$ cat run-v4.txt   # compact mmCIF, N, CA and C atoms
# COMPACT_ATOMS: atom_id res chain seq x y z
N PRO J 259 119.84 69.22 120.97
CA PRO J 259 120.20 69.84 119.69
C PRO J 259 118.96 70.05 118.83
N GLN J 260 118.97 71.14 118.11
CA GLN J 260 117.84 71.49 117.25
C GLN J 260 117.87 70.67 115.97
N ASN J 261 116.71 70.17 115.61
CA ASN J 261 116.55 69.44 114.36
C ASN J 261 116.80 70.41 113.21
N PRO J 262 117.71 70.11 112.27
CA PRO J 262 117.99 71.04 111.17
C PRO J 262 116.79 71.32 110.28
N LYS J 263 115.78 70.45 110.32
CA LYS J 263 114.59 70.67 109.50
C LYS J 263 113.57 71.56 110.21
N THR J 264 113.79 71.81 111.50
CA THR J 264 112.88 72.65 112.27
C THR J 264 113.31 74.10 112.13
N PRO J 265 112.41 75.00 111.70
CA PRO J 265 112.81 76.40 111.55
C PRO J 265 113.12 77.02 112.91
N LYS J 266 114.12 77.87 112.90
CA LYS J 266 114.51 78.56 114.12
C LYS J 266 113.50 79.65 114.41
N LEU J 267 112.96 79.68 115.62
CA LEU J 267 112.00 80.70 116.00
C LEU J 267 112.75 81.96 116.38
N GLU J 268 112.57 83.02 115.60
CA GLU J 268 113.32 84.26 115.79
C GLU J 268 112.62 85.23 116.74
N TYR J 269 111.35 85.04 116.99
CA TYR J 269 110.60 86.00 117.77
C TYR J 269 110.44 85.50 119.20
N LYS J 270 110.65 86.39 120.12
CA LYS J 270 110.51 86.05 121.52
C LYS J 270 109.48 86.98 122.13
N LEU J 271 108.72 86.47 123.05
CA LEU J 271 107.67 87.24 123.69
C LEU J 271 107.92 87.22 125.18
N LEU J 272 108.03 88.39 125.76
CA LEU J 272 108.27 88.50 127.19
C LEU J 272 107.16 89.33 127.81
N ILE J 273 106.63 88.88 128.92
CA ILE J 273 105.56 89.62 129.60
C ILE J 273 106.02 89.96 131.01
N TYR J 274 105.91 91.22 131.36
CA TYR J 274 106.28 91.71 132.68
C TYR J 274 105.05 92.37 133.31
N LEU J 275 104.97 92.32 134.61
CA LEU J 275 103.89 93.01 135.30
C LEU J 275 104.36 94.42 135.60
N SER J 276 103.64 95.39 135.10
CA SER J 276 103.98 96.79 135.34
C SER J 276 103.19 97.28 136.54
N LYS J 277 103.86 97.57 137.62
CA LYS J 277 103.18 98.06 138.82
C LYS J 277 102.75 99.50 138.65
N MET J 278 103.47 100.26 137.80
CA MET J 278 103.14 101.67 137.63
C MET J 278 101.83 101.84 136.87
N GLU J 279 101.60 101.04 135.86
CA GLU J 279 100.40 101.20 135.03
C GLU J 279 99.32 100.19 135.37
N GLY J 280 99.68 99.13 136.08
CA GLY J 280 98.71 98.10 136.41
C GLY J 280 98.41 97.15 135.26
N LYS J 281 99.07 97.33 134.12
CA LYS J 281 98.88 96.44 132.98
C LYS J 281 100.15 95.64 132.79
N PRO J 282 100.03 94.40 132.33
CA PRO J 282 101.24 93.67 131.97
C PRO J 282 101.89 94.34 130.76
N ILE J 283 103.22 94.33 130.73
CA ILE J 283 103.96 94.86 129.60
C ILE J 283 104.37 93.67 128.73
N VAL J 284 104.05 93.78 127.45
CA VAL J 284 104.44 92.76 126.49
C VAL J 284 105.53 93.34 125.61
N VAL J 285 106.65 92.63 125.51
CA VAL J 285 107.75 93.05 124.64
C VAL J 285 107.79 92.07 123.47
N ILE J 286 107.65 92.60 122.27
CA ILE J 286 107.63 91.76 121.07
C ILE J 286 108.79 92.19 120.19
N THR J 287 109.68 91.24 119.90
CA THR J 287 110.83 91.57 119.06
C THR J 287 110.45 91.45 117.59
N GLY J 288 111.06 92.29 116.79
CA GLY J 288 110.89 92.20 115.34
C GLY J 288 109.50 92.52 114.85
N ILE J 289 108.91 93.62 115.33
CA ILE J 289 107.53 93.91 114.93
C ILE J 289 107.40 94.39 113.50
N SER J 290 108.50 94.68 112.84
CA SER J 290 108.39 95.06 111.42
C SER J 290 108.33 93.84 110.52
N GLY J 291 108.52 92.65 111.08
CA GLY J 291 108.37 91.41 110.33
C GLY J 291 106.93 90.92 110.37
N TYR J 292 106.61 89.94 109.57
CA TYR J 292 105.22 89.47 109.47
C TYR J 292 104.70 88.91 110.79
N ILE J 293 105.41 87.96 111.36
CA ILE J 293 104.90 87.33 112.59
C ILE J 293 104.86 88.33 113.73
N GLY J 294 105.96 89.07 113.90
CA GLY J 294 106.01 90.06 114.98
C GLY J 294 104.91 91.10 114.86
N SER J 295 104.62 91.56 113.65
CA SER J 295 103.58 92.58 113.47
C SER J 295 102.20 92.02 113.76
N GLN J 296 101.95 90.77 113.39
CA GLN J 296 100.64 90.18 113.65
C GLN J 296 100.42 89.95 115.14
N VAL J 297 101.45 89.48 115.83
CA VAL J 297 101.36 89.29 117.28
C VAL J 297 101.15 90.63 117.96
N CYS J 298 101.92 91.63 117.55
CA CYS J 298 101.81 92.97 118.12
C CYS J 298 100.41 93.54 117.93
N LEU J 299 99.87 93.41 116.75
CA LEU J 299 98.54 93.93 116.46
C LEU J 299 97.48 93.29 117.36
N ARG J 300 97.59 92.00 117.60
CA ARG J 300 96.61 91.32 118.47
C ARG J 300 96.65 91.88 119.88
N PHE J 301 97.86 92.10 120.40
CA PHE J 301 97.97 92.67 121.75
C PHE J 301 97.48 94.11 121.79
N LEU J 302 97.77 94.90 120.75
CA LEU J 302 97.28 96.28 120.71
C LEU J 302 95.76 96.32 120.66
N GLU J 303 95.17 95.45 119.84
CA GLU J 303 93.71 95.41 119.73
C GLU J 303 93.05 94.96 121.01
N ASP J 304 93.71 94.06 121.74
CA ASP J 304 93.17 93.57 123.01
C ASP J 304 93.04 94.71 124.02
N GLY J 305 94.06 95.56 124.07
CA GLY J 305 93.99 96.72 124.95
C GLY J 305 94.32 96.45 126.42
N SER J 306 94.55 95.22 126.79
CA SER J 306 94.82 94.87 128.18
C SER J 306 96.30 94.93 128.52
N PHE J 307 97.13 95.27 127.56
CA PHE J 307 98.57 95.22 127.73
C PHE J 307 99.21 96.53 127.29
N THR J 308 100.32 96.87 127.93
CA THR J 308 101.21 97.88 127.41
C THR J 308 102.13 97.15 126.45
N VAL J 309 102.18 97.60 125.20
CA VAL J 309 102.91 96.87 124.17
C VAL J 309 104.18 97.63 123.80
N ARG J 310 105.32 96.94 123.93
CA ARG J 310 106.61 97.47 123.48
C ARG J 310 107.08 96.59 122.34
N GLY J 311 107.46 97.23 121.27
CA GLY J 311 107.95 96.49 120.11
C GLY J 311 109.34 96.94 119.74
N THR J 312 110.18 95.96 119.37
CA THR J 312 111.53 96.33 118.95
C THR J 312 111.62 96.41 117.43
N VAL J 313 112.39 97.37 117.00
CA VAL J 313 112.72 97.56 115.59
C VAL J 313 114.20 97.93 115.52
N ARG J 314 114.81 97.71 114.38
CA ARG J 314 116.23 98.09 114.25
C ARG J 314 116.40 99.60 114.20
N SER J 315 115.45 100.30 113.59
CA SER J 315 115.54 101.75 113.48
C SER J 315 114.14 102.35 113.47
N LYS J 316 113.90 103.28 114.38
CA LYS J 316 112.61 103.97 114.41
C LYS J 316 112.51 105.02 113.31
N THR J 317 113.63 105.36 112.68
CA THR J 317 113.63 106.39 111.64
C THR J 317 113.54 105.81 110.23
N ASN J 318 113.47 104.50 110.10
CA ASN J 318 113.39 103.85 108.79
C ASN J 318 111.94 103.92 108.29
N LYS J 319 111.66 104.89 107.44
CA LYS J 319 110.29 105.09 106.94
C LYS J 319 109.77 103.87 106.20
N ALA J 320 110.65 103.16 105.51
CA ALA J 320 110.23 101.97 104.75
C ALA J 320 109.69 100.88 105.69
N LYS J 321 110.13 100.87 106.93
CA LYS J 321 109.63 99.90 107.91
C LYS J 321 108.49 100.46 108.75
N MET J 322 108.52 101.75 109.04
CA MET J 322 107.51 102.36 109.92
C MET J 322 106.17 102.60 109.22
N GLU J 323 106.21 103.05 107.98
CA GLU J 323 104.97 103.37 107.28
C GLU J 323 104.03 102.17 107.14
N PRO J 324 104.53 100.97 106.80
CA PRO J 324 103.62 99.82 106.74
C PRO J 324 103.03 99.47 108.12
N LEU J 325 103.79 99.70 109.19
CA LEU J 325 103.26 99.44 110.53
C LEU J 325 102.12 100.40 110.87
N ILE J 326 102.33 101.67 110.56
CA ILE J 326 101.27 102.66 110.82
C ILE J 326 100.03 102.31 110.03
N LYS J 327 100.21 101.97 108.77
CA LYS J 327 99.07 101.61 107.91
C LYS J 327 98.40 100.33 108.39
N GLY J 328 99.20 99.31 108.72
CA GLY J 328 98.64 98.03 109.14
C GLY J 328 97.98 98.06 110.51
N PHE J 329 98.58 98.80 111.45
CA PHE J 329 98.02 98.86 112.80
C PHE J 329 96.91 99.89 112.90
N GLY J 330 96.93 100.89 112.03
CA GLY J 330 96.04 102.03 112.17
C GLY J 330 96.71 103.03 113.10
N GLN J 331 96.49 104.31 112.85
CA GLN J 331 97.17 105.35 113.62
C GLN J 331 96.88 105.24 115.12
N ASP J 332 95.62 104.94 115.50
CA ASP J 332 95.28 104.84 116.92
C ASP J 332 96.06 103.75 117.62
N ASN J 333 96.14 102.57 117.02
CA ASN J 333 96.90 101.48 117.61
C ASN J 333 98.39 101.79 117.61
N PHE J 334 98.89 102.36 116.51
CA PHE J 334 100.31 102.68 116.43
C PHE J 334 100.71 103.67 117.52
N ASP J 335 99.82 104.62 117.83
CA ASP J 335 100.11 105.61 118.86
C ASP J 335 100.20 104.99 120.25
N LYS J 336 99.57 103.83 120.46
CA LYS J 336 99.63 103.13 121.75
C LYS J 336 100.91 102.33 121.92
N LEU J 337 101.61 102.10 120.84
CA LEU J 337 102.79 101.25 120.81
C LEU J 337 104.02 102.00 121.30
N GLU J 338 104.80 101.36 122.17
CA GLU J 338 106.10 101.89 122.59
C GLU J 338 107.16 101.23 121.73
N LEU J 339 107.87 102.02 120.93
CA LEU J 339 108.92 101.48 120.07
C LEU J 339 110.28 101.59 120.74
N VAL J 340 111.06 100.54 120.63
CA VAL J 340 112.41 100.50 121.19
C VAL J 340 113.35 100.03 120.09
N GLU J 341 114.45 100.76 119.89
CA GLU J 341 115.44 100.33 118.91
C GLU J 341 116.30 99.23 119.51
N ALA J 342 116.40 98.13 118.80
CA ALA J 342 117.21 96.99 119.26
C ALA J 342 117.63 96.17 118.06
N ASP J 343 118.92 96.18 117.77
CA ASP J 343 119.44 95.35 116.69
C ASP J 343 119.89 94.05 117.31
N LEU J 344 119.04 93.04 117.26
CA LEU J 344 119.33 91.76 117.91
C LEU J 344 120.41 90.99 117.19
N MET J 345 120.76 91.38 115.98
CA MET J 345 121.85 90.72 115.26
C MET J 345 123.20 91.18 115.80
N ASN J 346 123.19 92.24 116.57
CA ASN J 346 124.42 92.81 117.12
C ASN J 346 124.43 92.71 118.64
N ALA J 347 123.79 91.68 119.16
CA ALA J 347 123.66 91.55 120.62
C ALA J 347 124.83 90.80 121.21

$ encode --input "run-v4.txt" --output "C-alpha cells"
Amino acid sequence: PQNPKTPKLEYKLLIYLSKMEGKPIVVITGISGYIGSQVCLRFLEDGSFTVRGTVRSKTNKAKMEPLIKGFGQDNFDKLELVEADLMNA
C-alpha cells in the first residue's frame, strides 16, 4: 500500500527499441506539465531518442504555445505528439 504522505507519481516513462529508425523510442506522458516537459526536453536535446509525448489535445494553443517556446521550434519539430487523455483510460 502507498504511504498517504508519499506523492503519487503521475508520469510514466516507457522506452522501446525502434527497429525502423534504429533509435530507442521514449514515450513521455503529460509533457504539457512541468515534470513531463523537463524530461521531454532533456531527451530532445540528447538527440539519441525518438521522443513521443502525450497531451490531452494537440489543438489546445494554451498548452502548445508554451511547449514550442520552451523547447524551441527545432526541438518541438522533432517531437511526436500523441493525444491521450489518461484520466479517461

$ closest_residue --input "run-v4.txt" --among "J:Ile293, J:Leu302, J:Pro282, J:Arg314" --to "Asn333 of chain J" --atoms "only N, CA and C atoms"
J:Leu302

$ atom_distance --input "run-v4.txt" --atom1 "atom CA of Val285 of chain J" --atom2 "atom CA of Thr312 of chain J"
7.6 Å

$ atom_distance --input "run-v4.txt" --atom1 "atom CA of Ser290 of chain J" --atom2 "atom C of Lys321 of chain J"
6.0 Å

$ residues_around --input "run-v4.txt" --residues "Asn318 of chain J" --least-positions-apart "5" --cutoff "12 Å" --atoms "only C-alpha atoms" --output "list in words"
Ser290, Val313, Glu323, Pro324, Leu325 and Glu341 of chain J

$ residues_near_point --input "run-v4.txt" --point "(96.2, 94.9, 124.1)" --cutoff "12 Å" --atoms "only C-alpha atoms" --output "short mmCIF file (atom, residue, chain, number, x, y, z; two decimals) with N, CA and C atoms, keeping the file's coordinate frame"
data_model
loop_
_atom_site.label_atom_id
_atom_site.label_comp_id
_atom_site.auth_asym_id
_atom_site.auth_seq_id
_atom_site.Cartn_x
_atom_site.Cartn_y
_atom_site.Cartn_z
N LYS J 281 99.07 97.33 134.12
CA LYS J 281 98.88 96.44 132.98
C LYS J 281 100.15 95.64 132.79
N PRO J 282 100.03 94.40 132.33
CA PRO J 282 101.24 93.67 131.97
C PRO J 282 101.89 94.34 130.76
N ILE J 283 103.22 94.33 130.73
CA ILE J 283 103.96 94.86 129.60
C ILE J 283 104.37 93.67 128.73
N VAL J 284 104.05 93.78 127.45
CA VAL J 284 104.44 92.76 126.49
C VAL J 284 105.53 93.34 125.61
N VAL J 285 106.65 92.63 125.51
CA VAL J 285 107.75 93.05 124.64
C VAL J 285 107.79 92.07 123.47
N VAL J 297 101.45 89.48 115.83
CA VAL J 297 101.36 89.29 117.28
C VAL J 297 101.15 90.63 117.96
N CYS J 298 101.92 91.63 117.55
CA CYS J 298 101.81 92.97 118.12
C CYS J 298 100.41 93.54 117.93
N LEU J 299 99.87 93.41 116.75
CA LEU J 299 98.54 93.93 116.46
C LEU J 299 97.48 93.29 117.36
N ARG J 300 97.59 92.00 117.60
CA ARG J 300 96.61 91.32 118.47
C ARG J 300 96.65 91.88 119.88
N PHE J 301 97.86 92.10 120.40
CA PHE J 301 97.97 92.67 121.75
C PHE J 301 97.48 94.11 121.79
N LEU J 302 97.77 94.90 120.75
CA LEU J 302 97.28 96.28 120.71
C LEU J 302 95.76 96.32 120.66
N GLU J 303 95.17 95.45 119.84
CA GLU J 303 93.71 95.41 119.73
C GLU J 303 93.05 94.96 121.01
N ASP J 304 93.71 94.06 121.74
CA ASP J 304 93.17 93.57 123.01
C ASP J 304 93.04 94.71 124.02
N GLY J 305 94.06 95.56 124.07
CA GLY J 305 93.99 96.72 124.95
C GLY J 305 94.32 96.45 126.42
N SER J 306 94.55 95.22 126.79
CA SER J 306 94.82 94.87 128.18
C SER J 306 96.30 94.93 128.52
N PHE J 307 97.13 95.27 127.56
CA PHE J 307 98.57 95.22 127.73
C PHE J 307 99.21 96.53 127.29
N THR J 308 100.32 96.87 127.93
CA THR J 308 101.21 97.88 127.41
C THR J 308 102.13 97.15 126.45
N VAL J 309 102.18 97.60 125.20
CA VAL J 309 102.91 96.87 124.17
C VAL J 309 104.18 97.63 123.80
N ARG J 310 105.32 96.94 123.93
CA ARG J 310 106.61 97.47 123.48
C ARG J 310 107.08 96.59 122.34
N ASN J 333 96.14 102.57 117.02
CA ASN J 333 96.90 101.48 117.61
C ASN J 333 98.39 101.79 117.61
N PHE J 334 98.89 102.36 116.51
CA PHE J 334 100.31 102.68 116.43
C PHE J 334 100.71 103.67 117.52
N LYS J 336 99.57 103.83 120.46
CA LYS J 336 99.63 103.13 121.75
C LYS J 336 100.91 102.33 121.92
N LEU J 337 101.61 102.10 120.84
CA LEU J 337 102.79 101.25 120.81
C LEU J 337 104.02 102.00 121.30
#

$ select_by_dssp --input "run-v4.txt" --residues "segment 285-325 of chain J" --states "strand (DSSP E or B)" --output "tab-separated table (two decimals) with N, CA and C atoms, in the coordinates of the input"
chain	number	residue	atom	x	y	z
J	285	VAL	N	106.65	92.63	125.51
J	285	VAL	CA	107.75	93.05	124.64
J	285	VAL	C	107.79	92.07	123.47
J	286	ILE	N	107.65	92.60	122.27
J	286	ILE	CA	107.63	91.76	121.07
J	286	ILE	C	108.79	92.19	120.19
J	308	THR	N	100.32	96.87	127.93
J	308	THR	CA	101.21	97.88	127.41
J	308	THR	C	102.13	97.15	126.45
J	309	VAL	N	102.18	97.60	125.20
J	309	VAL	CA	102.91	96.87	124.17
J	309	VAL	C	104.18	97.63	123.80
J	310	ARG	N	105.32	96.94	123.93
J	310	ARG	CA	106.61	97.47	123.48
J	310	ARG	C	107.08	96.59	122.34
J	311	GLY	N	107.46	97.23	121.27
J	311	GLY	CA	107.95	96.49	120.11
J	311	GLY	C	109.34	96.94	119.74
J	312	THR	N	110.18	95.96	119.37
J	312	THR	CA	111.53	96.33	118.95
J	312	THR	C	111.62	96.41	117.43
J	313	VAL	N	112.39	97.37	117.00
J	313	VAL	CA	112.72	97.56	115.59
J	313	VAL	C	114.20	97.93	115.52

$ atom_distance --input "run-v4.txt" --atom1 "atom C of Asp343 of chain J" --atom2 "atom N of Gln331 of chain J"
25.9 Å

$ build_atoms --input "run-v4.txt" --residues "segment 295-313 of chain J" --atoms "N, CA, C and O atoms" --output "PDB file, keeping the file's coordinate frame"
ATOM      1  N   SER J 295     104.620  91.560 113.650  1.00  0.00           N
ATOM      2  CA  SER J 295     103.580  92.580 113.470  1.00  0.00           C
ATOM      3  C   SER J 295     102.200  92.020 113.760  1.00  0.00           C
ATOM      4  O   SER J 295     101.359  92.711 114.348  1.00  0.00           O
ATOM      5  N   GLN J 296     101.950  90.770 113.390  1.00  0.00           N
ATOM      6  CA  GLN J 296     100.640  90.180 113.650  1.00  0.00           C
ATOM      7  C   GLN J 296     100.420  89.950 115.140  1.00  0.00           C
ATOM      8  O   GLN J 296      99.330  90.191 115.660  1.00  0.00           O
ATOM      9  N   VAL J 297     101.450  89.480 115.830  1.00  0.00           N
ATOM     10  CA  VAL J 297     101.360  89.290 117.280  1.00  0.00           C
ATOM     11  C   VAL J 297     101.150  90.630 117.960  1.00  0.00           C
ATOM     12  O   VAL J 297     100.285  90.792 118.830  1.00  0.00           O
ATOM     13  N   CYS J 298     101.920  91.630 117.550  1.00  0.00           N
ATOM     14  CA  CYS J 298     101.810  92.970 118.120  1.00  0.00           C
ATOM     15  C   CYS J 298     100.410  93.540 117.930  1.00  0.00           C
ATOM     16  O   CYS J 298      99.813  94.082 118.869  1.00  0.00           O
ATOM     17  N   LEU J 299      99.870  93.410 116.750  1.00  0.00           N
ATOM     18  CA  LEU J 299      98.540  93.930 116.460  1.00  0.00           C
ATOM     19  C   LEU J 299      97.480  93.290 117.360  1.00  0.00           C
ATOM     20  O   LEU J 299      96.593  93.979 117.872  1.00  0.00           O
ATOM     21  N   ARG J 300      97.590  92.000 117.600  1.00  0.00           N
ATOM     22  CA  ARG J 300      96.610  91.320 118.470  1.00  0.00           C
ATOM     23  C   ARG J 300      96.650  91.880 119.880  1.00  0.00           C
ATOM     24  O   ARG J 300      95.618  92.109 120.499  1.00  0.00           O
ATOM     25  N   PHE J 301      97.860  92.100 120.400  1.00  0.00           N
ATOM     26  CA  PHE J 301      97.970  92.670 121.750  1.00  0.00           C
ATOM     27  C   PHE J 301      97.480  94.110 121.790  1.00  0.00           C
ATOM     28  O   PHE J 301      96.824  94.513 122.754  1.00  0.00           O
ATOM     29  N   LEU J 302      97.770  94.900 120.750  1.00  0.00           N
ATOM     30  CA  LEU J 302      97.280  96.280 120.710  1.00  0.00           C
ATOM     31  C   LEU J 302      95.760  96.320 120.660  1.00  0.00           C
ATOM     32  O   LEU J 302      95.124  97.115 121.348  1.00  0.00           O
ATOM     33  N   GLU J 303      95.170  95.450 119.840  1.00  0.00           N
ATOM     34  CA  GLU J 303      93.710  95.410 119.730  1.00  0.00           C
ATOM     35  C   GLU J 303      93.050  94.960 121.010  1.00  0.00           C
ATOM     36  O   GLU J 303      91.968  95.404 121.355  1.00  0.00           O
ATOM     37  N   ASP J 304      93.710  94.060 121.740  1.00  0.00           N
ATOM     38  CA  ASP J 304      93.170  93.570 123.010  1.00  0.00           C
ATOM     39  C   ASP J 304      93.040  94.710 124.020  1.00  0.00           C
ATOM     40  O   ASP J 304      92.038  94.797 124.733  1.00  0.00           O
ATOM     41  N   GLY J 305      94.060  95.560 124.070  1.00  0.00           N
ATOM     42  CA  GLY J 305      93.990  96.720 124.950  1.00  0.00           C
ATOM     43  C   GLY J 305      94.320  96.450 126.420  1.00  0.00           C
ATOM     44  O   GLY J 305      94.337  97.379 127.220  1.00  0.00           O
ATOM     45  N   SER J 306      94.550  95.220 126.790  1.00  0.00           N
ATOM     46  CA  SER J 306      94.820  94.870 128.180  1.00  0.00           C
ATOM     47  C   SER J 306      96.300  94.930 128.520  1.00  0.00           C
ATOM     48  O   SER J 306      96.680  94.634 129.652  1.00  0.00           O
ATOM     49  N   PHE J 307      97.130  95.270 127.560  1.00  0.00           N
ATOM     50  CA  PHE J 307      98.570  95.220 127.730  1.00  0.00           C
ATOM     51  C   PHE J 307      99.210  96.530 127.290  1.00  0.00           C
ATOM     52  O   PHE J 307      98.727  97.188 126.379  1.00  0.00           O
ATOM     53  N   THR J 308     100.320  96.870 127.930  1.00  0.00           N
ATOM     54  CA  THR J 308     101.210  97.880 127.410  1.00  0.00           C
ATOM     55  C   THR J 308     102.130  97.150 126.450  1.00  0.00           C
ATOM     56  O   THR J 308     102.756  96.162 126.827  1.00  0.00           O
ATOM     57  N   VAL J 309     102.180  97.600 125.200  1.00  0.00           N
ATOM     58  CA  VAL J 309     102.910  96.870 124.170  1.00  0.00           C
ATOM     59  C   VAL J 309     104.180  97.630 123.800  1.00  0.00           C
ATOM     60  O   VAL J 309     104.112  98.802 123.420  1.00  0.00           O
ATOM     61  N   ARG J 310     105.320  96.940 123.930  1.00  0.00           N
ATOM     62  CA  ARG J 310     106.610  97.470 123.480  1.00  0.00           C
ATOM     63  C   ARG J 310     107.080  96.590 122.340  1.00  0.00           C
ATOM     64  O   ARG J 310     107.105  95.379 122.455  1.00  0.00           O
ATOM     65  N   GLY J 311     107.460  97.230 121.270  1.00  0.00           N
ATOM     66  CA  GLY J 311     107.950  96.490 120.110  1.00  0.00           C
ATOM     67  C   GLY J 311     109.340  96.940 119.740  1.00  0.00           C
ATOM     68  O   GLY J 311     109.645  98.120 119.800  1.00  0.00           O
ATOM     69  N   THR J 312     110.180  95.960 119.370  1.00  0.00           N
ATOM     70  CA  THR J 312     111.530  96.330 118.950  1.00  0.00           C
ATOM     71  C   THR J 312     111.620  96.410 117.430  1.00  0.00           C
ATOM     72  O   THR J 312     110.970  95.657 116.707  1.00  0.00           O
ATOM     73  N   VAL J 313     112.390  97.370 117.000  1.00  0.00           N
ATOM     74  CA  VAL J 313     112.720  97.560 115.590  1.00  0.00           C
ATOM     75  C   VAL J 313     114.200  97.930 115.520  1.00  0.00           C
ATOM     76  O   VAL J 313     114.779  98.384 116.501  1.00  0.00           O
TER      77      VAL J 313
END
